[in-house]
Amino acid sequence: MHLFMSWCFAYRRALFSLGGKRCAGQPTSQLKSLSNGPRGQYDVVVAGGGIMGCSSAYFLAQRIPGSSICVIERDPKYQRASTVLSMGGIRQQFSTRGNIEMSMYSCDFVKNIGQHLGIEGEDPPDVQFVEGGYLFLASEAGEEIMRENYVTQRSVGATVELMSPSQLQEKFPWLNTEGIALGCFGVRNEGWFDPWSFLTAFKRKVIAMGVHYLHGNVVGIDVHSNRVTSVQVQIPSGEKRKVQCDYLVNAAGPWASNLALMAGVGEKGHGNSIMGVELPVKPRKRQVFVFKCPSGPGSDCPLVIDSSGVYFRREGQGSTFTCGHSPPEHEDKDTDDLDVDYSYFDEHLWPILAERVPAFEALKLQNAWAGFYEYNTLDQNAIIGTHPVISNLVLANGFSGHGIQQSPAVGRAVSEEILDGGSHSIQLGLFSFQRIVEGRPIRERNVV
């Protein structure tokens, strides 16, 4: 298994050509300056060193000393991390304003990554961003929803255009439009990038800003008077360390619910009814298949999302493509298994791919990998903000496949939550834990 995962990392990279300062006027009165304090005590501890944790640390370190921030990561090689096993896509085609705004900001961040994550004296980071666009396809049953989503997207400033079947065939002559009533294409600010390079750029930058990294696993959280006071960390030697903090950021990805439970969130029989509400985030497996097709679409191929939910896109400049599909909800179970089911490609994906792109009849499957969605079982949308009872526990969880593309916006929101008492650059109150308490799901209609 480890050999296979190592192959995946090398393959992904080959596909793509392979201290912070406190800003004047920013309120930080709730934080103690611990930049010269012991390594067992920090202003902010971030549990999880994937893209959400790194982004949170970066934006925090722009305003408080980096040495007052500690990121705890149990797997510094990121062999099972959702970030590096993702497709690295970024799009504005959502139905919810907050999702659109987060991805719009993040796309601008990616396109100007050198300004943000560059390190003096080193080459600027290159995440191999391809602005290839997303193409959503709708059947007659989905046409009205696509038109409604388009109105919302345009109102927020997304550059998207609706395309009739004849327009689709003219622009993408390799596409079979049978059964398609309408398409929506992201003309600008949509595409994909290399997740490993993106994560590496963030991590190198925050280390350069003085942020501390601790290799270990959080095994306990101490809470007193509804505040986290410290976390218990088991390091690889087996030794346990207590790390004190003023704030704890839950950026634990698919395992966020387990971390929250250590702080009493979701504890059955708790005297406070809100504390009995679980953080509804579970690991759900997603498989990505790699195939070759020399006669397939050329460099004009966007990331296509068929009306069936099957998606595909080109990888690099050759004849390689990646594809996948999220299973129906009744088949989508919690799992710790990242083994690939190759029969799923033959039985479910290939027939749909070949129908939509006739050239794909001649494709040859090359390989595959699997990773985890940090799946929000309530509504497949982010949970962002401070817990309503644990007043210094900040949540950045449940992105359900949107995480890497929204990470810069979320990292900024986390820093605002801690330093300003709430996110304000983008209004993200809709994504608070309170909706979980109330059982009030966000109805995002463009989930892939």
# chains A, B, ... in the order shown; residues from 1 in each chain; ligands from 1
>>> residues_around(residues="Phe431 in chain A", least_positions_apart="3", cutoff="8 Å", atoms="only C-alpha atoms", output="ChimeraX atom specification")
/A:381-385,428,435,442
>>> select_by_dssp(residues="range 45-203 of chain A", states="strand (DSSP E or B)", output="list in words")
Val45, Val46, Ala47, Ile69, Cys70, Val71, Ile72, Glu73, Gly89, Ile90, Val130, Tyr134, Leu135, Phe136, Leu137, Ala138, Val160, Glu161, Leu162, Met163, Leu182, Gly183, Cys184, Phe185, Gly186, Gly191 and Trp192 of chain A
>>> select_by_dssp(residues="range 247-442 of chain A", states="alpha helix (DSSP H)", output="PyMOL selection string")
chain A and resi 256-262+342-344+350-356+403-420+434-438
>>> residues_around(residues="Val304 in chain A", least_positions_apart="3", cutoff="7 Å", atoms="only C-alpha atoms", output="PyMOL selection string")
chain A and resi 134-136+311-313
>>> residues_around(residues="Gln406 in chain A", least_positions_apart="3", cutoff="9 Å", atoms="only C-alpha atoms", output="PDB file with N, CA and C atoms, in the first residue's frame")
ATOM      1  N   MET A  52      -5.636  23.229   4.813  1.00  0.00           N
ATOM      2  CA  MET A  52      -6.421  24.116   5.667  1.00  0.00           C
ATOM      3  C   MET A  52      -5.599  24.616   6.846  1.00  0.00           C
ATOM      4  N   ILE A  90     -10.383  24.123  -9.247  1.00  0.00           N
ATOM      5  CA  ILE A  90     -10.914  25.357  -8.670  1.00  0.00           C
ATOM      6  C   ILE A  90     -11.956  25.926  -9.618  1.00  0.00           C
ATOM      7  N   ASN A  99     -19.849  30.142  -1.306  1.00  0.00           N
ATOM      8  CA  ASN A  99     -18.935  29.232  -2.001  1.00  0.00           C
ATOM      9  C   ASN A  99     -18.312  29.898  -3.213  1.00  0.00           C
ATOM     10  N   MET A 102     -15.704  32.519  -1.968  1.00  0.00           N
ATOM     11  CA  MET A 102     -14.473  31.907  -1.465  1.00  0.00           C
ATOM     12  C   MET A 102     -13.588  31.435  -2.609  1.00  0.00           C
ATOM     13  N   SER A 103     -14.169  30.792  -3.601  1.00  0.00           N
ATOM     14  CA  SER A 103     -13.367  30.282  -4.708  1.00  0.00           C
ATOM     15  C   SER A 103     -12.849  31.403  -5.602  1.00  0.00           C
ATOM     16  N   MET A 104     -13.591  32.480  -5.740  1.00  0.00           N
ATOM     17  CA  MET A 104     -13.099  33.614  -6.521  1.00  0.00           C
ATOM     18  C   MET A 104     -11.862  34.224  -5.872  1.00  0.00           C
ATOM     19  N   TYR A 105     -11.919  34.404  -4.544  1.00  0.00           N
ATOM     20  CA  TYR A 105     -10.746  34.936  -3.845  1.00  0.00           C
ATOM     21  C   TYR A 105      -9.576  33.971  -3.977  1.00  0.00           C
ATOM     22  N   SER A 106      -9.842  32.686  -3.800  1.00  0.00           N
ATOM     23  CA  SER A 106      -8.772  31.700  -3.836  1.00  0.00           C
ATOM     24  C   SER A 106      -8.142  31.601  -5.217  1.00  0.00           C
ATOM     25  N   CYS A 107      -8.928  31.751  -6.264  1.00  0.00           N
ATOM     26  CA  CYS A 107      -8.363  31.715  -7.610  1.00  0.00           C
ATOM     27  C   CYS A 107      -7.415  32.887  -7.820  1.00  0.00           C
ATOM     28  N   PHE A 399     -15.398  20.189   4.109  1.00  0.00           N
ATOM     29  CA  PHE A 399     -15.476  20.848   2.801  1.00  0.00           C
ATOM     30  C   PHE A 399     -15.965  19.937   1.683  1.00  0.00           C
ATOM     31  N   HIS A 402     -14.362  20.551  -1.676  1.00  0.00           N
ATOM     32  CA  HIS A 402     -14.108  21.949  -2.042  1.00  0.00           C
ATOM     33  C   HIS A 402     -12.901  22.528  -1.319  1.00  0.00           C
ATOM     34  N   GLY A 403     -12.262  21.739  -0.458  1.00  0.00           N
ATOM     35  CA  GLY A 403     -11.297  22.296   0.484  1.00  0.00           C
ATOM     36  C   GLY A 403     -10.105  22.964  -0.152  1.00  0.00           C
ATOM     37  N   ALA A 409      -9.190  31.384   1.138  1.00  0.00           N
ATOM     38  CA  ALA A 409     -10.285  32.163   1.730  1.00  0.00           C
ATOM     39  C   ALA A 409     -10.596  31.688   3.141  1.00  0.00           C
ATOM     40  N   VAL A 410     -10.528  30.380   3.364  1.00  0.00           N
ATOM     41  CA  VAL A 410     -10.835  29.846   4.691  1.00  0.00           C
ATOM     42  C   VAL A 410      -9.727  30.198   5.680  1.00  0.00           C
ATOM     43  N   GLY A 411      -8.475  30.099   5.257  1.00  0.00           N
ATOM     44  CA  GLY A 411      -7.374  30.487   6.132  1.00  0.00           C
ATOM     45  C   GLY A 411      -7.488  31.929   6.577  1.00  0.00           C
TER      46      GLY A 411
END
